[in-house]
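A.B. asks: The structure under discussion is supplied below as structure tokens; questions concerning it will follow.
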Amino acid sequence: SAWSSAPALNAGRQGKAGGGTQTAAWVAGGSDDPQNYQATEFYNGSAWTEVGNPNEAHPQAAGGGVQTAAWMVGGGGVSGEHFDGTDWSHAEDCNTGNAQRGSCGPQTAALMIGSEPVTVATESYDGTNWTEVGDYPVALRGIEAVGTNTDALVFGGFSTTYRSESFTWNGSSFTATPDMNTNASEMGKSGANSGAGMRIGGVTTSHAKTANVEIYDGSSWTEVANIPAATNQGEGAGTTSATIFSFGKIASGAYPTEADEWNEAVTASSFTSS
């Protein structure tokens, strides 16, 4: 299993929202401090292409869904938008709006957790309304999540220290799962559900950016190959076996357009014919 270079984005930025799969991903919003971006880009497995812009700037946004049914909200406010593959349109505002919220799920089954300033607020979205649901066990910002509003894995974050805890969410309550190996916040992520998540980069102890990557398989977190450079607030899409990751801000202070693909090695299995 390894990371390999993928085509570059058209604009480098941190705090993007995104979603989709390794060969059909999207990103939108974000910033390169001080500029906020309203650009949306699609990835088709071979190139990134700019498509319709959101109606508002969303730095450090939350979002999810696929190219033809995406959502994005917050990033300094409560404003929400939907994307149909061509145009962004205004959608329901969330209840607790700001930056660095963990987020996951499709347009009709989304979840958001935490915020800046730190909070335990958790919200569920059905495609029409955001509803406050069970509080997260710790007030955090810079948290991340994969899955849906009834089957999610939530991990990392920052309060007064960087955190390694992870929890599953079943639609009504959080349950503690094994901790990550590295305390981290402002991470990239990919994964499908509460039993399969990937944490990519982030910020860790002493506010240092990290290139570390970990995968959760439903029972434990395992460190795998690092991304090529330490970065925070990058964005991933796909599964723990096939991910596209676009960089955020690196240690030098730059916002590279770099993207990389993760592909899990396929192990040949033996069989006996009869």
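In the structure tokens, chains take the letters A, B, ... in the order shown, each chain's residues start at 1, and ligands count up from 1 in the order shown.
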What are the closest atom pairs, with distances in Å to one decimal, for all residues of stretch 23-89 of chain A lying within 10 Å of stretch 95-112 of chain A? Consider only C-alpha atoms, order rows by chain and residue number, and present the result as CSV.

C.D. replies:
```
residue,atom,partner,partner_atom,distance
A:His58,CA,A:Ala99,CA,8.9
A:Pro59,CA,A:Ala99,CA,7.4
A:Gln60,CA,A:Ala99,CA,5.2
A:Ala61,CA,A:Ala99,CA,6.2
A:Ala62,CA,A:Ser103,CA,5.5
A:Gly63,CA,A:Ser103,CA,6.1
A:Gly64,CA,A:Cys104,CA,5.4
A:Gly65,CA,A:Pro106,CA,4.0
A:Val66,CA,A:Pro106,CA,7.0
A:Thr68,CA,A:Gln107,CA,9.9
A:Ala69,CA,A:Gln107,CA,6.1
A:Ala70,CA,A:Gln107,CA,5.7
A:Trp71,CA,A:Gln107,CA,5.6
A:Met72,CA,A:Gln107,CA,9.0
A:Val73,CA,A:Gly97,CA,7.9
A:Gly74,CA,A:Gly97,CA,5.2
A:Gly75,CA,A:Ala99,CA,4.3
A:Gly76,CA,A:Asn98,CA,4.2
A:Gly77,CA,A:Gly97,CA,4.7
A:Val78,CA,A:Gly97,CA,4.1
A:Ser79,CA,A:Gly97,CA,7.7
A:Gly80,CA,A:Gly97,CA,9.6
A:His82,CA,A:Gln107,CA,7.8
A:Phe83,CA,A:Gln107,CA,9.1
```

A.B. asks: Name the residues in contact with A:Arg141 at a cut-off of 6 Å, using only C-alpha atoms, excluding same-chain residues fewer than 4 positions from it; report them as a list in words.

C.D. replies: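 Residues meeting the cut-off are Gln100, Gly114, Ser115, Glu116, Val118, Gly157 and Phe158 of chain A.
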
A.B. asks: Write out as a PyMOL selection string the residues lying within 9 Å of A:Gly234, counting only C-alpha atoms and excluding same-chain residues fewer than 4 positions away.

C.D. replies: chain A and resi 13-16+186-189+200-202+245-249

A.B. asks: Can you spit out the residues from that selection as a tab-separated table (two decimals), in the first residue's frame, using N, CA, C and O atoms?

C.D. replies:
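Writing done, so here's part-v7.tsv:
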```tsv
chain	number	residue	atom	x	y	z
A	13	ARG	N	-5.23	25.56	-1.43
A	13	ARG	CA	-5.94	26.21	-0.32
A	13	ARG	C	-6.14	25.23	0.81
A	13	ARG	O	-6.10	24.02	0.62
A	14	GLN	N	-6.40	25.74	2.00
A	14	GLN	CA	-6.70	24.92	3.16
A	14	GLN	C	-8.18	25.06	3.51
A	14	GLN	O	-8.86	25.97	3.05
A	15	GLY	N	-8.66	24.13	4.32
A	15	GLY	CA	-10.03	24.25	4.84
A	15	GLY	C	-11.10	24.02	3.81
A	15	GLY	O	-12.23	24.55	3.94
A	16	LYS	N	-10.81	23.25	2.77
A	16	LYS	CA	-11.82	22.97	1.74
A	16	LYS	C	-12.86	21.99	2.27
A	16	LYS	O	-12.56	21.13	3.09
A	186	GLU	N	-7.38	19.17	12.87
A	186	GLU	CA	-7.33	19.77	11.52
A	186	GLU	C	-6.81	18.78	10.48
A	186	GLU	O	-5.93	19.07	9.67
A	187	MET	N	-7.39	17.59	10.49
A	187	MET	CA	-6.94	16.48	9.66
A	187	MET	C	-7.71	16.38	8.35
A	187	MET	O	-8.82	16.87	8.24
A	188	GLY	N	-7.14	15.69	7.38
A	188	GLY	CA	-7.89	15.18	6.25
A	188	GLY	C	-8.47	13.83	6.63
A	188	GLY	O	-8.06	13.21	7.61
A	189	LYS	N	-9.43	13.36	5.83
A	189	LYS	CA	-10.07	12.07	6.17
A	189	LYS	C	-10.62	11.42	4.92
A	189	LYS	O	-10.82	12.05	3.88
A	200	ILE	N	-5.63	11.65	7.89
A	200	ILE	CA	-4.52	12.04	7.01
A	200	ILE	C	-3.95	13.37	7.48
A	200	ILE	O	-4.62	14.41	7.45
A	201	GLY	N	-2.68	13.37	7.90
A	201	GLY	CA	-2.01	14.60	8.29
A	201	GLY	C	-2.67	15.28	9.48
A	201	GLY	O	-3.28	14.63	10.33
A	202	GLY	N	-2.54	16.62	9.54
A	202	GLY	CA	-3.12	17.39	10.62
A	202	GLY	C	-2.07	18.15	11.41
A	202	GLY	O	-0.92	18.29	11.01
A	245	PHE	N	-6.37	12.63	-2.00
A	245	PHE	CA	-6.14	13.61	-0.95
A	245	PHE	C	-5.51	14.86	-1.54
A	245	PHE	O	-4.51	14.78	-2.26
A	246	SER	N	-6.09	16.04	-1.26
A	246	SER	CA	-5.52	17.31	-1.70
A	246	SER	C	-5.00	18.06	-0.48
A	246	SER	O	-5.64	18.11	0.57
A	247	PHE	N	-3.81	18.63	-0.64
A	247	PHE	CA	-3.11	19.26	0.47
A	247	PHE	C	-3.79	20.55	0.94
A	247	PHE	O	-4.54	21.19	0.19
A	248	GLY	N	-3.48	20.92	2.20
A	248	GLY	CA	-3.92	22.19	2.76
A	248	GLY	C	-2.74	23.14	2.86
A	248	GLY	O	-2.19	23.58	1.87
A	249	LYS	N	-2.31	23.43	4.11
A	249	LYS	CA	-1.17	24.31	4.36
A	249	LYS	C	0.00	23.47	4.86
A	249	LYS	O	-0.17	22.64	5.74
```

A.B. asks: Mind checking which residues fall within 9 Å of A:Ile244, counting only C-alpha atoms, ignoring those fewer than 6 positions away in the same chain, and posting them as a VMD selection string?

C.D. replies: chain A and resid 6 21 to 23 25 43 45 190 235 to 238 259 to 262

A.B. asks: Just write the chosen residues, N, CA and C atoms, as an mmCIF file, in the first residue's frame.

C.D. replies:
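File written: result30.cif
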```
data_model
loop_
_atom_site.group_PDB
_atom_site.id
_atom_site.type_symbol
_atom_site.label_atom_id
_atom_site.label_comp_id
_atom_site.auth_asym_id
_atom_site.auth_seq_id
_atom_site.Cartn_x
_atom_site.Cartn_y
_atom_site.Cartn_z
ATOM 1 N N ALA A 6 -0.748 12.486 -7.826
ATOM 2 C CA ALA A 6 -1.934 12.646 -8.675
ATOM 3 C C ALA A 6 -1.881 14.028 -9.325
ATOM 4 N N THR A 21 -15.608 10.059 -4.421
ATOM 5 C CA THR A 21 -14.756 8.876 -4.473
ATOM 6 C C THR A 21 -13.395 9.246 -5.060
ATOM 7 N N GLN A 22 -12.489 8.276 -5.099
ATOM 8 C CA GLN A 22 -11.156 8.545 -5.621
ATOM 9 C C GLN A 22 -11.180 8.996 -7.077
ATOM 10 N N THR A 23 -12.130 8.538 -7.850
ATOM 11 C CA THR A 23 -12.196 8.888 -9.271
ATOM 12 C C THR A 23 -13.365 9.808 -9.617
ATOM 13 N N ALA A 25 -14.289 12.915 -7.307
ATOM 14 C CA ALA A 25 -14.236 13.725 -6.092
ATOM 15 C C ALA A 25 -14.546 15.189 -6.397
ATOM 16 N N TYR A 43 -12.705 16.167 -9.669
ATOM 17 C CA TYR A 43 -11.627 15.272 -10.063
ATOM 18 C C TYR A 43 -12.246 14.013 -10.669
ATOM 19 N N GLY A 45 -10.268 11.329 -11.802
ATOM 20 C CA GLY A 45 -9.262 10.287 -11.833
ATOM 21 C C GLY A 45 -8.068 10.633 -12.686
ATOM 22 N N SER A 190 -10.859 10.105 5.025
ATOM 23 C CA SER A 190 -11.664 9.379 4.054
ATOM 24 C C SER A 190 -12.202 8.150 4.765
ATOM 25 N N GLU A 235 -7.943 17.787 2.353
ATOM 26 C CA GLU A 235 -9.259 17.165 2.155
ATOM 27 C C GLU A 235 -9.114 15.851 1.408
ATOM 28 N N GLY A 236 -9.753 14.804 1.938
ATOM 29 C CA GLY A 236 -9.726 13.502 1.300
ATOM 30 C C GLY A 236 -11.099 13.071 0.820
ATOM 31 N N ALA A 237 -11.111 12.105 -0.087
ATOM 32 C CA ALA A 237 -12.365 11.521 -0.574
ATOM 33 C C ALA A 237 -12.098 10.086 -0.968
ATOM 34 N N GLY A 238 -13.062 9.222 -0.699
ATOM 35 C CA GLY A 238 -12.932 7.821 -1.079
ATOM 36 C C GLY A 238 -13.055 6.902 0.104
ATOM 37 N N ALA A 259 -1.843 16.952 -5.023
ATOM 38 C CA ALA A 259 -2.801 15.914 -4.634
ATOM 39 C C ALA A 259 -2.105 14.562 -4.769
ATOM 40 N N ASP A 260 -2.530 13.613 -3.942
ATOM 41 C CA ASP A 260 -1.938 12.272 -3.975
ATOM 42 C C ASP A 260 -3.035 11.227 -3.821
ATOM 43 N N GLU A 261 -2.795 10.056 -4.391
ATOM 44 C CA GLU A 261 -3.737 8.945 -4.290
ATOM 45 C C GLU A 261 -3.170 7.854 -3.394
ATOM 46 N N TRP A 262 -4.045 7.293 -2.577
ATOM 47 C CA TRP A 262 -3.706 6.141 -1.741
ATOM 48 C C TRP A 262 -4.394 4.920 -2.322
#
```

A.B. asks: Using only C-alpha atoms, which of the listed residues (A:Ala265, A:Ala254, A:Ala192, A:Gly156) sits closest to A:Glu214?

C.D. replies: A:Gly156

A.B. asks: Figure out the distance between atom CA of A:Thr204 and atom CA of A:Asn183, please, to one decimal in Å.

C.D. replies: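 Straight-line distance from atom CA of A:Asn183 to atom CA of A:Thr204 works out to 5.7 Å.
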
A.B. asks: Which residue out of A:Trp26, A:Tyr136, A:Tyr37, A:Phe155 has the minimum interatomic distance to A:Ser172 when only C-alpha atoms are used?

C.D. replies: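 Of the candidates, the smallest distance to A:Ser172 is held by A:Tyr136.
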
A.B. asks: Given only C-alpha atoms as the basis, pick out the residue of A:Thr205, A:Thr240, A:Val154, A:Trp169 nearest to A:Glu264.

C.D. replies: A:Thr240

A.B. asks: Taking only C-alpha atoms into account, name the residue in A:Thr148, A:Gln67, A:Asn44, A:Asn170 that is nearest to A:Asn193.

C.D. replies: A:Thr148

A.B. asks: Applying 10 Å and only C-alpha atoms, which residues near A:Ala39 remain after dropping the ones on its own chain fewer than 6 positions away? List them as an mmCIF file with all heavy atoms, in the first residue's frame.

C.D. replies:
```cif
data_model
loop_
_atom_site.group_PDB
_atom_site.id
_atom_site.type_symbol
_atom_site.label_atom_id
_atom_site.label_comp_id
_atom_site.auth_asym_id
_atom_site.auth_seq_id
_atom_site.Cartn_x
_atom_site.Cartn_y
_atom_site.Cartn_z
ATOM 1 N N ASN A 10 -6.239 23.212 -9.402
ATOM 2 C CA ASN A 10 -6.037 24.507 -10.039
ATOM 3 C C ASN A 10 -5.697 25.597 -9.030
ATOM 4 O O ASN A 10 -5.038 26.579 -9.369
ATOM 5 C CB ASN A 10 -7.291 24.900 -10.826
ATOM 6 C CG ASN A 10 -7.537 23.972 -11.998
ATOM 7 O OD1 ASN A 10 -6.872 24.078 -13.022
ATOM 8 N ND2 ASN A 10 -8.474 23.044 -11.855
ATOM 9 N N ALA A 11 -6.160 25.434 -7.783
ATOM 10 C CA ALA A 11 -5.883 26.423 -6.747
ATOM 11 C C ALA A 11 -5.557 25.710 -5.440
ATOM 12 O O ALA A 11 -6.334 24.868 -4.976
ATOM 13 C CB ALA A 11 -7.083 27.349 -6.549
ATOM 14 N N LYS A 16 -10.814 23.249 2.766
ATOM 15 C CA LYS A 16 -11.823 22.971 1.741
ATOM 16 C C LYS A 16 -12.860 21.991 2.274
ATOM 17 O O LYS A 16 -12.557 21.128 3.086
ATOM 18 C CB LYS A 16 -11.165 22.349 0.503
ATOM 19 C CG LYS A 16 -10.005 23.126 -0.071
ATOM 20 C CD LYS A 16 -9.372 22.404 -1.242
ATOM 21 C CE LYS A 16 -8.597 21.158 -0.855
ATOM 22 N NZ LYS A 16 -7.352 21.440 -0.119
ATOM 23 N N VAL A 27 -14.030 19.323 -4.443
ATOM 24 C CA VAL A 27 -13.658 20.215 -3.352
ATOM 25 C C VAL A 27 -14.238 21.586 -3.652
ATOM 26 O O VAL A 27 -14.447 21.952 -4.816
ATOM 27 C CB VAL A 27 -12.134 20.322 -3.161
ATOM 28 C CG1 VAL A 27 -11.537 18.977 -2.761
ATOM 29 C CG2 VAL A 27 -11.447 20.865 -4.409
ATOM 30 N N ALA A 28 -14.484 22.358 -2.587
ATOM 31 C CA ALA A 28 -15.013 23.712 -2.763
ATOM 32 C C ALA A 28 -14.670 24.530 -1.528
ATOM 33 O O ALA A 28 -14.439 23.994 -0.445
ATOM 34 C CB ALA A 28 -16.520 23.695 -2.981
ATOM 35 N N GLY A 29 -14.688 25.852 -1.702
ATOM 36 C CA GLY A 29 -14.407 26.733 -0.578
ATOM 37 C C GLY A 29 -12.949 26.685 -0.176
ATOM 38 O O GLY A 29 -12.072 26.316 -0.945
ATOM 39 N N GLY A 30 -12.690 27.074 1.081
ATOM 40 C CA GLY A 30 -11.334 27.107 1.599
ATOM 41 C C GLY A 30 -10.710 28.481 1.471
ATOM 42 O O GLY A 30 -11.337 29.457 1.015
ATOM 43 N N GLU A 50 -12.361 23.082 -12.926
ATOM 44 C CA GLU A 50 -13.193 24.044 -12.215
ATOM 45 C C GLU A 50 -14.614 24.011 -12.767
ATOM 46 O O GLU A 50 -14.826 23.998 -13.975
ATOM 47 C CB GLU A 50 -12.607 25.446 -12.334
ATOM 48 C CG GLU A 50 -11.280 25.612 -11.593
ATOM 49 C CD GLU A 50 -10.801 27.044 -11.566
ATOM 50 O OE1 GLU A 50 -11.539 27.947 -12.021
ATOM 51 O OE2 GLU A 50 -9.676 27.285 -11.079
ATOM 52 N N VAL A 51 -15.575 24.014 -11.826
ATOM 53 C CA VAL A 51 -16.999 24.021 -12.191
ATOM 54 C C VAL A 51 -17.676 25.179 -11.455
ATOM 55 O O VAL A 51 -17.018 26.133 -11.093
ATOM 56 C CB VAL A 51 -17.652 22.652 -11.878
ATOM 57 C CG1 VAL A 51 -17.121 21.585 -12.825
ATOM 58 C CG2 VAL A 51 -17.411 22.225 -10.442
ATOM 59 N N GLY A 52 -18.983 25.127 -11.238
ATOM 60 C CA GLY A 52 -19.719 26.253 -10.686
ATOM 61 C C GLY A 52 -19.273 26.673 -9.295
ATOM 62 O O GLY A 52 -19.034 25.843 -8.424
ATOM 63 N N ASN A 53 -19.181 27.976 -9.069
ATOM 64 C CA ASN A 53 -18.765 28.513 -7.778
ATOM 65 C C ASN A 53 -19.915 28.553 -6.785
ATOM 66 O O ASN A 53 -21.075 28.803 -7.160
ATOM 67 C CB ASN A 53 -18.235 29.933 -7.934
ATOM 68 C CG ASN A 53 -16.902 29.988 -8.641
ATOM 69 O OD1 ASN A 53 -16.265 28.966 -8.865
ATOM 70 N ND2 ASN A 53 -16.483 31.191 -9.003
ATOM 71 N N PRO A 54 -19.635 28.358 -5.491
ATOM 72 C CA PRO A 54 -20.658 28.593 -4.472
ATOM 73 C C PRO A 54 -21.095 30.058 -4.474
ATOM 74 O O PRO A 54 -20.409 30.937 -5.022
ATOM 75 C CB PRO A 54 -19.939 28.248 -3.154
ATOM 76 C CG PRO A 54 -18.778 27.416 -3.549
ATOM 77 C CD PRO A 54 -18.370 27.899 -4.910
ATOM 78 N N ASN A 55 -22.220 30.336 -3.845
ATOM 79 C CA ASN A 55 -22.728 31.702 -3.782
ATOM 80 C C ASN A 55 -22.016 32.544 -2.738
ATOM 81 O O ASN A 55 -22.050 33.772 -2.796
ATOM 82 C CB ASN A 55 -24.230 31.673 -3.484
ATOM 83 C CG ASN A 55 -25.013 31.015 -4.595
ATOM 84 O OD1 ASN A 55 -25.125 31.550 -5.689
ATOM 85 N ND2 ASN A 55 -25.543 29.824 -4.330
ATOM 86 N N GLU A 56 -21.382 31.886 -1.761
ATOM 87 C CA GLU A 56 -20.678 32.586 -0.697
ATOM 88 C C GLU A 56 -19.311 31.940 -0.477
ATOM 89 O O GLU A 56 -19.089 30.800 -0.875
ATOM 90 C CB GLU A 56 -21.478 32.523 0.613
ATOM 91 C CG GLU A 56 -22.865 33.124 0.539
ATOM 92 C CD GLU A 56 -23.594 32.989 1.856
ATOM 93 O OE1 GLU A 56 -22.928 32.995 2.914
ATOM 94 O OE2 GLU A 56 -24.827 32.867 1.836
ATOM 95 N N ALA A 57 -18.436 32.676 0.191
ATOM 96 C CA ALA A 57 -17.157 32.117 0.602
ATOM 97 C C ALA A 57 -17.368 31.226 1.821
ATOM 98 O O ALA A 57 -18.148 31.560 2.720
ATOM 99 C CB ALA A 57 -16.177 33.232 0.928
ATOM 100 N N HIS A 58 -16.685 30.084 1.846
ATOM 101 C CA HIS A 58 -16.778 29.145 2.969
ATOM 102 C C HIS A 58 -15.371 28.697 3.370
ATOM 103 O O HIS A 58 -14.956 27.584 3.084
ATOM 104 C CB HIS A 58 -17.618 27.924 2.584
ATOM 105 C CG HIS A 58 -19.055 28.208 2.318
ATOM 106 N ND1 HIS A 58 -20.025 28.157 3.294
ATOM 107 C CD2 HIS A 58 -19.699 28.543 1.171
ATOM 108 C CE1 HIS A 58 -21.202 28.433 2.766
ATOM 109 N NE2 HIS A 58 -21.034 28.676 1.474
#
```

A.B. asks: I'd like to know which residues of stretch 65-225 of chain A are strand (DSSP E or B) (by DSSP, run on the backbone); could you write them as a PyMOL selection string?

C.D. replies: chain A and resi 65-66+69-73+80-83+88-91+99+102-104+110-113+116+119+122-125+130-132+140-141+144-147+152-155+158+162+166-169+174-177+185+188-193+196-204+208-216+221-224

A.B. asks: Quote the spacing between atom CA of A:Ala196 and atom CA of A:Ile215 in Å to one decimal place.

C.D. replies: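 About the pair atom CA of A:Ala196 and atom CA of A:Ile215: they are 7.4 Å apart.
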
A.B. asks: Which one is closest to A:Thr131: A:Asp93, A:Val213, A:Ala145, A:Phe167? Count only C-alpha atoms.

C.D. replies: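 Closest to A:Thr131 of all the choices is A:Asp93.
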
A.B. asks: Using only C-alpha atoms, which residues sit within 12 Å of A:Ser173 once same-chain residues fewer than 6 positions away are excluded, as a count of residues only?

C.D. replies: 13

A.B. asks: Hey, can you check how far atom CA of A:Trp48 sits from atom CA of A:Asp87?

C.D. replies: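 Result for atom CA of A:Trp48 versus atom CA of A:Asp87: 17.3 Å, one decimal.
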
A.B. asks: Identify which of the residues A:Ser46, A:Thr177, A:Ser4, A:Ser31 lies closest to A:Ser220, counting only C-alpha atoms when measuring atom-to-atom distances.

C.D. replies: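 Ranking A:Ser46, A:Thr177, A:Ser4, A:Ser31 by distance to A:Ser220, first place goes to A:Thr177.
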